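K.L.:
What follows is my_file17.txt; its format and atoms are compact mmCIF, C-alpha atoms.
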# COMPACT_ATOMS: atom_id res chain seq x y z
CA MET E 1280 0.00 0.00 0.00
CA VAL E 1281 0.92 3.66 -0.32
CA LEU E 1282 0.22 5.42 2.98
CA LEU E 1283 0.20 9.03 4.09
CA VAL E 1284 1.01 9.64 7.77
CA LEU E 1285 -0.04 12.97 9.26
CA GLY E 1286 2.08 13.99 12.23
CA ARG E 1287 5.83 13.87 12.87
CA GLY E 1288 5.51 13.22 16.59
CA ARG E 1289 6.84 10.13 18.31
CA THR E 1290 3.82 8.01 17.43
CA GLY E 1291 3.68 9.26 13.83
CA ARG E 1292 7.32 8.37 13.33
CA MET E 1293 6.72 4.92 14.79
CA VAL E 1294 3.73 4.43 12.46
CA ALA E 1295 5.96 5.19 9.47
CA GLU E 1296 8.60 2.75 10.74
CA VAL E 1297 6.08 -0.06 11.25
CA ALA E 1298 4.49 0.60 7.85
CA HIS E 1299 7.89 0.34 6.14
CA GLU E 1300 8.55 -2.93 7.97
CA ARG E 1301 5.24 -4.29 6.67
CA GLY E 1302 6.22 -3.49 3.09
CA HIS E 1303 4.29 -0.25 2.53
CA SER E 1304 5.43 2.97 0.89
CA VAL E 1305 5.02 5.90 3.27
CA ARG E 1306 5.09 9.67 3.15
CA VAL E 1307 5.02 11.63 6.42
CA ILE E 1308 3.77 15.23 6.67
CA GLY E 1309 4.21 17.35 9.80
CA GLU E 1310 1.78 19.99 11.00
CA GLU E 1311 4.17 22.75 9.93
CA GLU E 1312 3.71 21.56 6.31
CA ASN E 1313 -0.03 21.12 6.61
CA ARG E 1314 -1.46 24.06 8.50
CA HIS E 1315 -5.26 24.07 8.34
CA ALA E 1316 -5.03 20.94 6.12
CA SER E 1317 -3.60 23.06 3.30
CA ALA E 1318 -1.55 20.15 1.90
CA LEU E 1319 -4.52 17.78 1.66
CA THR E 1320 -5.74 18.61 -1.82
CA ALA E 1321 -7.60 16.17 -4.05
CA PRO E 1322 -4.60 15.52 -6.38
CA MET E 1323 -2.32 14.96 -3.40
CA LEU E 1324 -4.71 12.57 -1.61
CA ALA E 1325 -5.31 10.61 -4.82
CA GLN E 1326 -1.74 9.28 -4.54
CA PHE E 1327 -2.49 7.34 -1.33
CA GLU E 1328 -4.58 4.31 -0.45
CA ALA E 1329 -5.02 5.38 3.17
CA VAL E 1330 -4.20 8.24 5.51
CA ILE E 1331 -3.18 7.75 9.17
CA ASP E 1332 -3.59 10.74 11.50
CA PHE E 1333 -1.65 11.10 14.76
CA THR E 1334 -1.68 14.88 15.11
CA THR E 1335 -3.50 17.05 17.69
CA PRO E 1336 -7.15 17.72 18.62
CA GLN E 1337 -6.81 21.11 16.91
CA ALA E 1338 -5.40 19.76 13.64
CA VAL E 1339 -7.44 16.59 13.27
CA ILE E 1340 -10.79 18.16 12.34
CA PRO E 1341 -9.47 20.15 9.33
CA ASN E 1342 -7.50 17.06 8.30
CA LEU E 1343 -10.56 14.82 8.54
CA ARG E 1344 -12.79 17.26 6.69
CA ALA E 1345 -10.29 17.53 3.82
CA CYS E 1346 -9.63 13.79 3.59
CA LEU E 1347 -13.22 12.61 3.90
CA SER E 1348 -14.55 15.27 1.52
CA ASN E 1349 -12.23 13.79 -1.11
CA GLY E 1350 -13.35 10.22 -0.46
CA ALA E 1351 -10.13 9.09 1.26
CA ARG E 1352 -9.71 6.20 3.70
CA VAL E 1353 -8.58 7.60 7.04
CA VAL E 1354 -7.36 5.95 10.25
CA VAL E 1355 -7.44 8.36 13.21
CA GLY E 1356 -5.44 7.70 16.35
CA THR E 1357 -5.74 11.30 17.55
CA THR E 1358 -8.21 11.81 20.40
CA GLY E 1359 -10.00 14.83 21.85
CA TRP E 1360 -12.37 15.40 18.89
CA TYR E 1361 -15.24 12.98 19.47
CA ASP E 1362 -17.73 15.80 20.04
CA ARG E 1363 -17.46 16.22 16.23
CA LEU E 1364 -17.82 12.52 15.41
CA GLN E 1365 -21.39 12.83 14.11
CA GLU E 1366 -20.35 15.62 11.74
CA MET E 1367 -17.37 13.64 10.44
CA THR E 1368 -19.48 10.50 10.03
CA ALA E 1369 -21.96 12.45 7.92
CA ILE E 1370 -19.19 13.68 5.60
CA CYS E 1371 -17.78 10.17 5.39
CA GLU E 1372 -21.11 8.69 4.34
CA ARG E 1373 -21.95 11.51 1.94
CA ARG E 1374 -18.61 11.26 0.13
CA ASN E 1375 -18.32 7.44 0.17
CA ALA E 1376 -15.13 7.70 2.21
CA GLY E 1377 -13.77 5.35 4.88
CA LEU E 1378 -13.10 6.27 8.51
CA LEU E 1379 -11.60 4.06 11.23
CA TYR E 1380 -11.22 5.81 14.58
CA GLY E 1381 -10.14 4.64 18.00
CA SER E 1382 -9.16 6.07 21.35
CA ASN E 1383 -6.39 3.45 21.48
CA PHE E 1384 -5.08 1.12 18.75
CA SER E 1385 -3.27 -1.22 21.14
CA MET E 1386 -4.63 -4.77 21.07
CA GLY E 1387 -3.90 -5.02 24.81
CA VAL E 1388 -6.21 -2.09 25.52
CA GLN E 1389 -8.96 -3.76 23.48
CA VAL E 1390 -8.69 -6.71 25.89
CA MET E 1391 -8.93 -4.25 28.79
CA TYR E 1392 -12.23 -2.92 27.42
CA ARG E 1393 -13.63 -6.46 27.46
CA LEU E 1394 -12.37 -7.01 31.02
CA ALA E 1395 -13.97 -3.71 32.06
CA ALA E 1396 -17.34 -4.90 30.81
CA ASP E 1397 -16.95 -8.19 32.70
CA LEU E 1398 -16.00 -6.31 35.87
CA ALA E 1399 -19.03 -4.02 35.66
CA ARG E 1400 -21.32 -7.00 35.17
CA LEU E 1401 -19.87 -9.25 37.86
CA ALA E 1402 -18.49 -6.98 40.59
CA ARG E 1403 -21.74 -5.77 42.12
CA GLY E 1404 -21.34 -3.72 45.29
CA TYR E 1405 -17.94 -2.30 44.31
CA GLU E 1406 -16.99 1.33 43.82
CA ILE E 1407 -15.13 1.61 40.50
CA THR E 1408 -12.68 4.31 39.48
CA VAL E 1409 -10.35 4.77 36.51
CA SER E 1410 -6.96 6.46 36.70
CA GLU E 1411 -4.79 7.37 33.71
CA THR E 1412 -1.25 8.70 33.47
CA HIS E 1413 0.35 10.24 30.37
CA HIS E 1414 3.30 12.42 29.46
CA ALA E 1415 3.22 16.09 30.38
CA GLY E 1416 2.69 17.18 26.77
CA LYS E 1417 -0.57 15.29 26.17
CA LYS E 1418 -3.20 17.84 25.21
CA ASP E 1419 -6.47 16.18 26.28
CA ALA E 1420 -7.55 15.01 29.73
CA PRO E 1421 -9.11 12.63 30.51
CA SER E 1422 -7.51 10.51 27.82
CA GLY E 1423 -9.68 9.05 25.09
CA THR E 1424 -8.79 5.59 26.37
CA ALA E 1425 -9.99 6.42 29.90
CA LEU E 1426 -13.27 7.72 28.49
CA SER E 1427 -13.67 4.52 26.46
CA ILE E 1428 -13.04 2.42 29.58
CA GLN E 1429 -15.67 4.45 31.41
CA GLN E 1430 -18.05 3.89 28.49
CA ALA E 1431 -17.39 0.13 28.51
CA LEU E 1432 -18.16 -0.02 32.23
CA GLN E 1433 -21.33 2.05 32.01
CA GLU E 1434 -22.65 0.29 28.91
CA GLU E 1435 -22.63 -2.91 30.94
CA ASN E 1436 -24.02 -1.24 34.09
CA PRO E 1437 -25.73 2.11 33.32
CA ALA E 1438 -26.26 2.85 37.02
CA LEU E 1439 -22.53 2.77 37.68
CA LYS E 1440 -20.82 6.05 38.59
CA VAL E 1441 -17.20 5.96 37.39
CA GLU E 1442 -14.78 8.73 38.34
CA ILE E 1443 -11.72 9.31 36.14
CA VAL E 1444 -8.52 10.70 37.65
CA SER E 1445 -5.91 12.07 35.22
CA HIS E 1446 -2.19 12.58 35.79
CA ARG E 1447 0.22 14.41 33.46
CA HIS E 1448 3.92 14.23 34.17
CA GLY E 1449 7.24 13.05 32.78
CA ASP E 1450 7.30 11.06 29.55
CA SER E 1451 4.83 8.30 30.45
CA ILE E 1452 3.49 6.67 27.29
CA GLY E 1453 0.22 5.66 28.91
CA THR E 1454 -0.96 3.75 31.96
CA HIS E 1455 -4.62 2.99 32.73
CA VAL E 1456 -5.86 1.35 35.92
CA ILE E 1457 -9.40 0.26 36.77
CA THR E 1458 -9.89 -0.10 40.53
CA ALA E 1459 -12.94 -1.82 42.03
CA ARG E 1460 -13.08 -1.38 45.81
CA SER E 1461 -15.43 -2.87 48.38
CA SER E 1462 -15.28 -2.85 52.17
CA SER E 1463 -13.39 -6.14 52.14
CA ASP E 1464 -11.19 -6.23 49.03
CA VAL E 1465 -9.79 -4.44 45.99
CA ILE E 1466 -9.66 -5.59 42.35
CA GLU E 1467 -7.30 -3.88 39.89
CA ILE E 1468 -6.99 -4.18 36.11
CA LYS E 1469 -3.97 -2.39 34.70
CA HIS E 1470 -2.59 -1.72 31.25
CA GLU E 1471 0.77 0.00 30.85
CA ALA E 1472 2.13 0.86 27.43
CA LEU E 1473 5.88 0.22 27.34
CA SER E 1474 6.28 1.44 23.75
CA ARG E 1475 4.29 3.37 21.17
CA ARG E 1476 4.84 0.43 18.85
CA SER E 1477 1.59 -1.23 19.95
CA PHE E 1478 -0.39 1.86 18.87
CA ALA E 1479 1.50 2.05 15.58
CA GLU E 1480 1.01 -1.62 14.71
CA GLY E 1481 -2.72 -1.41 15.38
CA ALA E 1482 -3.06 1.72 13.24
CA VAL E 1483 -1.14 0.24 10.29
CA ARG E 1484 -3.10 -3.00 10.48
CA GLY E 1485 -6.23 -0.88 10.63
CA ALA E 1486 -5.23 0.94 7.43
CA GLU E 1487 -4.67 -2.40 5.72
CA TRP E 1488 -8.14 -3.53 6.83
CA LEU E 1489 -9.83 -0.26 5.79
CA ALA E 1490 -8.43 -0.28 2.24
CA GLY E 1491 -11.31 -0.51 -0.23
CA LYS E 1492 -14.00 -0.15 2.46
CA ARG E 1493 -16.54 2.61 2.87
CA GLY E 1494 -18.25 3.82 6.02
CA CYS E 1495 -17.35 4.71 9.59
CA TYR E 1496 -15.90 2.13 12.02
CA ASP E 1497 -14.90 2.14 15.69
CA PHE E 1498 -11.66 0.18 16.22
CA ARG E 1499 -13.09 -1.21 19.47
CA GLU E 1500 -15.90 -2.89 17.51
CA VAL E 1501 -13.84 -4.32 14.62
CA TYR E 1502 -10.40 -5.01 16.11
CA SER E 1503 -11.00 -8.78 16.20
CA GLN E 1504 -11.20 -8.70 12.36
CA ILE E 1505 -7.92 -6.78 12.15
Is it possible to give me this structure as structure tokens?
P.N.:
Amino acid sequence: MVLLVLGRGRTGRMVAEVAHERGHSVRVIGEEENRHASALTAPMLAQFEAVIDFTTPQAVIPNLRACLSNGARVVVGTTGWYDRLQEMTAICERRNAGLLYGSNFSMGVQVMYRLAADLARLARGYEITVSETHHAGKKDAPSGTALSIQQALQEENPALKVEIVSHRHGDSIGTHVITARSSSDVIEIKHEALSRRSFAEGAVRGAEWLAGKRGCYDFREVYSQI
């Protein structure tokens, strides 16, 4: 495949590395080259089979609007924009584009979502909280992953009140902990990212899966196919 990666940050660079390893041709564009999605013209996008976005909450909406309006296939690992999801889905459907989005492309985190649902269903009488820790430069808080964990818990048990506690310091890649506490014991489910490679591999595999497809997909719902 020929892939376009948006974002020269640490995850974007890792995405490009993984894509090369998997035999794809890759071009990477940083935000300084693509202000307000100015580089994402129809002739430019026509050169690529899929676009992978790991930019910022501010840049992702112009990028999505440009890509989807031109019928591109887009994988979005950026978070902090889901209040605009309905708008982006409408463009995707109207323009016969493809959109795969996810708060976290790590396969390990997908397992954590399933465990969260089991915990909410089985651990009656427990108080459940979610804590997340990321590097000091992360723009959004709570993290998209923490919000997805909260959603997984509350989908299984709508009456459940789940507090999220966010921490921003150092260069932590990402740690999420679900704590269920009763008067007699404590249950913890923890996922700690040791490398951005897990996010990159999931995103590249997602782009391979999305090629040729139309419509809007949540990685959490389709990851078992990927």
K.L.:
Considering only C-alpha atoms, state which residue in the set E:Arg1374, E:Arg1363, E:Lys1492, E:Arg1352 is at the smallest distance from E:Gln1337.
P.N.:
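Between E:Arg1374, E:Arg1363, E:Lys1492, E:Arg1352, the residue approaching E:Gln1337 most closely is E:Arg1363.
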K.L.:
Would you compute the distance between atom CA of E:Arg1301 and atom CA of E:Val1281? Give it in Å to one decimal.
P.N.:
11.4 Å
K.L.:
Show which residues sit within 12 Å of E:Arg1484, as a PDB file with C-alpha atoms, keeping the file's coordinate frame. Count all atoms listed in the file, and ignore same-chain residues fewer than 5 positions away.
P.N.:
ATOM      1  CA  MET E1280       0.000   0.000   0.000  1.00  0.00           C
ATOM      2  CA  LEU E1282       0.220   5.420   2.980  1.00  0.00           C
ATOM      3  CA  VAL E1294       3.730   4.430  12.460  1.00  0.00           C
ATOM      4  CA  VAL E1297       6.080  -0.060  11.250  1.00  0.00           C
ATOM      5  CA  ALA E1298       4.490   0.600   7.850  1.00  0.00           C
ATOM      6  CA  GLU E1300       8.550  -2.930   7.970  1.00  0.00           C
ATOM      7  CA  ARG E1301       5.240  -4.290   6.670  1.00  0.00           C
ATOM      8  CA  GLY E1302       6.220  -3.490   3.090  1.00  0.00           C
ATOM      9  CA  HIS E1303       4.290  -0.250   2.530  1.00  0.00           C
ATOM     10  CA  ALA E1329      -5.020   5.380   3.170  1.00  0.00           C
ATOM     11  CA  ILE E1331      -3.180   7.750   9.170  1.00  0.00           C
ATOM     12  CA  VAL E1354      -7.360   5.950  10.250  1.00  0.00           C
ATOM     13  CA  LEU E1379     -11.600   4.060  11.230  1.00  0.00           C
ATOM     14  CA  PHE E1384      -5.080   1.120  18.750  1.00  0.00           C
ATOM     15  CA  SER E1385      -3.270  -1.220  21.140  1.00  0.00           C
ATOM     16  CA  MET E1386      -4.630  -4.770  21.070  1.00  0.00           C
ATOM     17  CA  SER E1477       1.590  -1.230  19.950  1.00  0.00           C
ATOM     18  CA  PHE E1478      -0.390   1.860  18.870  1.00  0.00           C
ATOM     19  CA  ALA E1479       1.500   2.050  15.580  1.00  0.00           C
ATOM     20  CA  LEU E1489      -9.830  -0.260   5.790  1.00  0.00           C
ATOM     21  CA  ALA E1490      -8.430  -0.280   2.240  1.00  0.00           C
ATOM     22  CA  PHE E1498     -11.660   0.180  16.220  1.00  0.00           C
ATOM     23  CA  VAL E1501     -13.840  -4.320  14.620  1.00  0.00           C
ATOM     24  CA  TYR E1502     -10.400  -5.010  16.110  1.00  0.00           C
ATOM     25  CA  SER E1503     -11.000  -8.780  16.200  1.00  0.00           C
ATOM     26  CA  GLN E1504     -11.200  -8.700  12.360  1.00  0.00           C
ATOM     27  CA  ILE E1505      -7.920  -6.780  12.150  1.00  0.00           C
TER      28      ILE E1505
END
K.L.:
For the atom pair atom CA of E:Glu1434 and atom CA of E:Tyr1405, what is the interatomic distance in Å to one decimal place?
P.N.:
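According to the coordinates, atom CA of E:Glu1434 and atom CA of E:Tyr1405 are separated by 16.3 Å.
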K.L.:
Give, as AutoDock Vina command-line options, the centre coordinates and the x, y and z edge lengths in Å to one decimal for an axis-aligned box around all listed atoms of stretch 1348-1363 of chain E, padded by 4 Å on each side.
P.N.:
--center_x -11.6 --center_y 11.1 --center_z 10.4 --size_x 20.3 --size_y 18.3 --size_z 31.0
K.L.:
From the options E:Ile1407, E:Gly1291, E:Ser1317, E:Leu1426, which residue's atoms come nearest to E:Val1465, counting all atoms listed in the file?
P.N.:
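Of E:Ile1407, E:Gly1291, E:Ser1317, E:Leu1426, the one nearest E:Val1465 is E:Ile1407, counting all atoms listed in the file.
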K.L.:
Using all atoms listed in the file, which of the listed residues (E:Leu1343, E:Arg1289, E:His1299, E:Ala1402) sits closest to E:His1414?
P.N.:
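Among E:Leu1343, E:Arg1289, E:His1299, E:Ala1402, it is E:Arg1289 that comes nearest to E:His1414.
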K.L.:
May I have the residues within 10 Å of E:Arg1314 as a list in words, using all atoms listed in the file and disregarding those fewer than 6 positions away in the same chain?
P.N.:
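Here the answer would be Ala1338, Pro1341 and Asn1342 of chain E.
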K.L.:
Give the answer as one residue: which of E:Leu1401, E:Ile1308, E:Leu1473, E:Val1444 has the shortest atom-to-atom distance to E:Met1323, using all atoms listed in the file?
P.N.:
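Using all atoms listed in the file, E:Met1323 sits closest to E:Ile1308.
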K.L.:
How many Å lie between atom CA of E:Gly1377 and atom CA of E:Ala1425, rounded to one decimal?
P.N.:
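Rounded to one decimal, the two atoms are 25.3 Å apart.
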K.L.:
When distances are computed from only C-alpha atoms, which of E:Ala1295, E:Ala1316, E:Val1284, E:Ala1459 shows the smallest separation from E:Arg1475?
P.N.:
E:Ala1295
K.L.:
Which residue out of E:Glu1435, E:Glu1406, E:Glu1500, E:Asp1362 has the minimum interatomic distance to E:Ile1466 when all atoms listed in the file are used?
P.N.:
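Smallest separation from E:Ile1466 among the options: E:Glu1406.
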K.L.:
Residues near E:Thr1320, anyone? I mean within 12 Å using all atoms listed in the file, not counting same-chain ones fewer than 3 positions away, as a list in words.
P.N.:
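Those residues are Asn1313, His1315, Ala1316, Ser1317, Met1323, Leu1324, Ala1325, Gln1326, Phe1327, Pro1341, Asn1342, Arg1344, Ala1345, Cys1346, Leu1347, Ser1348, Asn1349, Gly1350 and Ala1351 of chain E.
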K.L.:
Can you list, as number ranges by chain, every protein, DNA or RNA residue that comes within 10 Å of E:Leu1394 when you count all atoms listed in the file, leaving out same-chain residues fewer than 2 positions away?
P.N.:
E: 1388-1392, 1396-1400, 1428, 1431-1432, 1457, 1468
K.L.:
Write out as JSON, numbers by chain the residues lying within 9 Å of E:Glu1442, counting only C-alpha atoms and excluding same-chain residues fewer than 4 positions away.
P.N.:
{"E": [1407, 1408, 1409, 1410, 1429]}
K.L.:
Please produce stretch 1472-1490 of chain E, completed to N, CA, C and O atoms, as a PDB file, in the frame of the given file.
P.N.:
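The file below, result.pdb, is the result:
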ATOM      1  N   ALA E1472       1.455   0.885  28.725  1.00  0.00           N
ATOM      2  CA  ALA E1472       2.130   0.860  27.430  1.00  0.00           C
ATOM      3  C   ALA E1472       3.628   1.069  27.648  1.00  0.00           C
ATOM      4  O   ALA E1472       4.051   2.070  28.233  1.00  0.00           O
ATOM      5  N   LEU E1473       4.431   0.131  27.201  1.00  0.00           N
ATOM      6  CA  LEU E1473       5.880   0.220  27.340  1.00  0.00           C
ATOM      7  C   LEU E1473       6.524   0.843  26.106  1.00  0.00           C
ATOM      8  O   LEU E1473       7.672   1.264  26.145  1.00  0.00           O
ATOM      9  N   SER E1474       5.773   0.890  25.006  1.00  0.00           N
ATOM     10  CA  SER E1474       6.280   1.440  23.750  1.00  0.00           C
ATOM     11  C   SER E1474       5.098   1.923  22.926  1.00  0.00           C
ATOM     12  O   SER E1474       3.991   1.383  23.043  1.00  0.00           O
ATOM     13  N   ARG E1475       5.335   2.917  22.094  1.00  0.00           N
ATOM     14  CA  ARG E1475       4.290   3.370  21.170  1.00  0.00           C
ATOM     15  C   ARG E1475       4.089   2.401  20.005  1.00  0.00           C
ATOM     16  O   ARG E1475       3.204   2.576  19.186  1.00  0.00           O
ATOM     17  N   ARG E1476       4.912   1.390  19.951  1.00  0.00           N
ATOM     18  CA  ARG E1476       4.840   0.430  18.850  1.00  0.00           C
ATOM     19  C   ARG E1476       3.472  -0.259  18.800  1.00  0.00           C
ATOM     20  O   ARG E1476       2.953  -0.535  17.711  1.00  0.00           O
ATOM     21  N   SER E1477       2.889  -0.545  19.957  1.00  0.00           N
ATOM     22  CA  SER E1477       1.590  -1.230  19.950  1.00  0.00           C
ATOM     23  C   SER E1477       0.522  -0.372  19.285  1.00  0.00           C
ATOM     24  O   SER E1477      -0.345  -0.891  18.566  1.00  0.00           O
ATOM     25  N   PHE E1478       0.561   0.956  19.522  1.00  0.00           N
ATOM     26  CA  PHE E1478      -0.390   1.860  18.870  1.00  0.00           C
ATOM     27  C   PHE E1478      -0.146   1.878  17.362  1.00  0.00           C
ATOM     28  O   PHE E1478      -1.088   1.842  16.554  1.00  0.00           O
ATOM     29  N   ALA E1479       1.144   1.958  16.993  1.00  0.00           N
ATOM     30  CA  ALA E1479       1.500   2.050  15.580  1.00  0.00           C
ATOM     31  C   ALA E1479       1.101   0.791  14.816  1.00  0.00           C
ATOM     32  O   ALA E1479       0.551   0.874  13.704  1.00  0.00           O
ATOM     33  N   GLU E1480       1.362  -0.374  15.385  1.00  0.00           N
ATOM     34  CA  GLU E1480       1.010  -1.620  14.710  1.00  0.00           C
ATOM     35  C   GLU E1480      -0.497  -1.724  14.507  1.00  0.00           C
ATOM     36  O   GLU E1480      -0.964  -2.131  13.437  1.00  0.00           O
ATOM     37  N   GLY E1481      -1.264  -1.358  15.513  1.00  0.00           N
ATOM     38  CA  GLY E1481      -2.720  -1.410  15.380  1.00  0.00           C
ATOM     39  C   GLY E1481      -3.219  -0.461  14.305  1.00  0.00           C
ATOM     40  O   GLY E1481      -4.116  -0.797  13.529  1.00  0.00           O
ATOM     41  N   ALA E1482      -2.629   0.740  14.240  1.00  0.00           N
ATOM     42  CA  ALA E1482      -3.060   1.720  13.240  1.00  0.00           C
ATOM     43  C   ALA E1482      -2.726   1.262  11.822  1.00  0.00           C
ATOM     44  O   ALA E1482      -3.544   1.407  10.901  1.00  0.00           O
ATOM     45  N   VAL E1483      -1.519   0.709  11.629  1.00  0.00           N
ATOM     46  CA  VAL E1483      -1.140   0.240  10.290  1.00  0.00           C
ATOM     47  C   VAL E1483      -2.003  -0.950   9.881  1.00  0.00           C
ATOM     48  O   VAL E1483      -2.477  -1.029   8.736  1.00  0.00           O
ATOM     49  N   ARG E1484      -2.209  -1.869  10.785  1.00  0.00           N
ATOM     50  CA  ARG E1484      -3.100  -3.000  10.480  1.00  0.00           C
ATOM     51  C   ARG E1484      -4.518  -2.513  10.205  1.00  0.00           C
ATOM     52  O   ARG E1484      -5.226  -3.064   9.343  1.00  0.00           O
ATOM     53  N   GLY E1485      -4.924  -1.463  10.897  1.00  0.00           N
ATOM     54  CA  GLY E1485      -6.230  -0.880  10.630  1.00  0.00           C
ATOM     55  C   GLY E1485      -6.323  -0.284   9.239  1.00  0.00           C
ATOM     56  O   GLY E1485      -7.346  -0.420   8.558  1.00  0.00           O
ATOM     57  N   ALA E1486      -5.251   0.370   8.787  1.00  0.00           N
ATOM     58  CA  ALA E1486      -5.230   0.940   7.430  1.00  0.00           C
ATOM     59  C   ALA E1486      -5.296  -0.165   6.389  1.00  0.00           C
ATOM     60  O   ALA E1486      -5.981  -0.027   5.358  1.00  0.00           O
ATOM     61  N   GLU E1487      -4.612  -1.264   6.640  1.00  0.00           N
ATOM     62  CA  GLU E1487      -4.670  -2.400   5.720  1.00  0.00           C
ATOM     63  C   GLU E1487      -6.093  -2.949   5.634  1.00  0.00           C
ATOM     64  O   GLU E1487      -6.578  -3.296   4.552  1.00  0.00           O
ATOM     65  N   TRP E1488      -6.764  -3.012   6.770  1.00  0.00           N
ATOM     66  CA  TRP E1488      -8.140  -3.530   6.830  1.00  0.00           C
ATOM     67  C   TRP E1488      -9.114  -2.570   6.146  1.00  0.00           C
ATOM     68  O   TRP E1488     -10.055  -2.993   5.470  1.00  0.00           O
ATOM     69  N   LEU E1489      -8.899  -1.268   6.307  1.00  0.00           N
ATOM     70  CA  LEU E1489      -9.830  -0.260   5.790  1.00  0.00           C
ATOM     71  C   LEU E1489      -9.744  -0.096   4.275  1.00  0.00           C
ATOM     72  O   LEU E1489     -10.703   0.375   3.656  1.00  0.00           O
ATOM     73  N   ALA E1490      -8.625  -0.480   3.680  1.00  0.00           N
ATOM     74  CA  ALA E1490      -8.430  -0.280   2.240  1.00  0.00           C
ATOM     75  C   ALA E1490      -9.599  -0.876   1.457  1.00  0.00           C
ATOM     76  O   ALA E1490      -9.948  -2.037   1.624  1.00  0.00           O
TER      77      ALA E1490
END
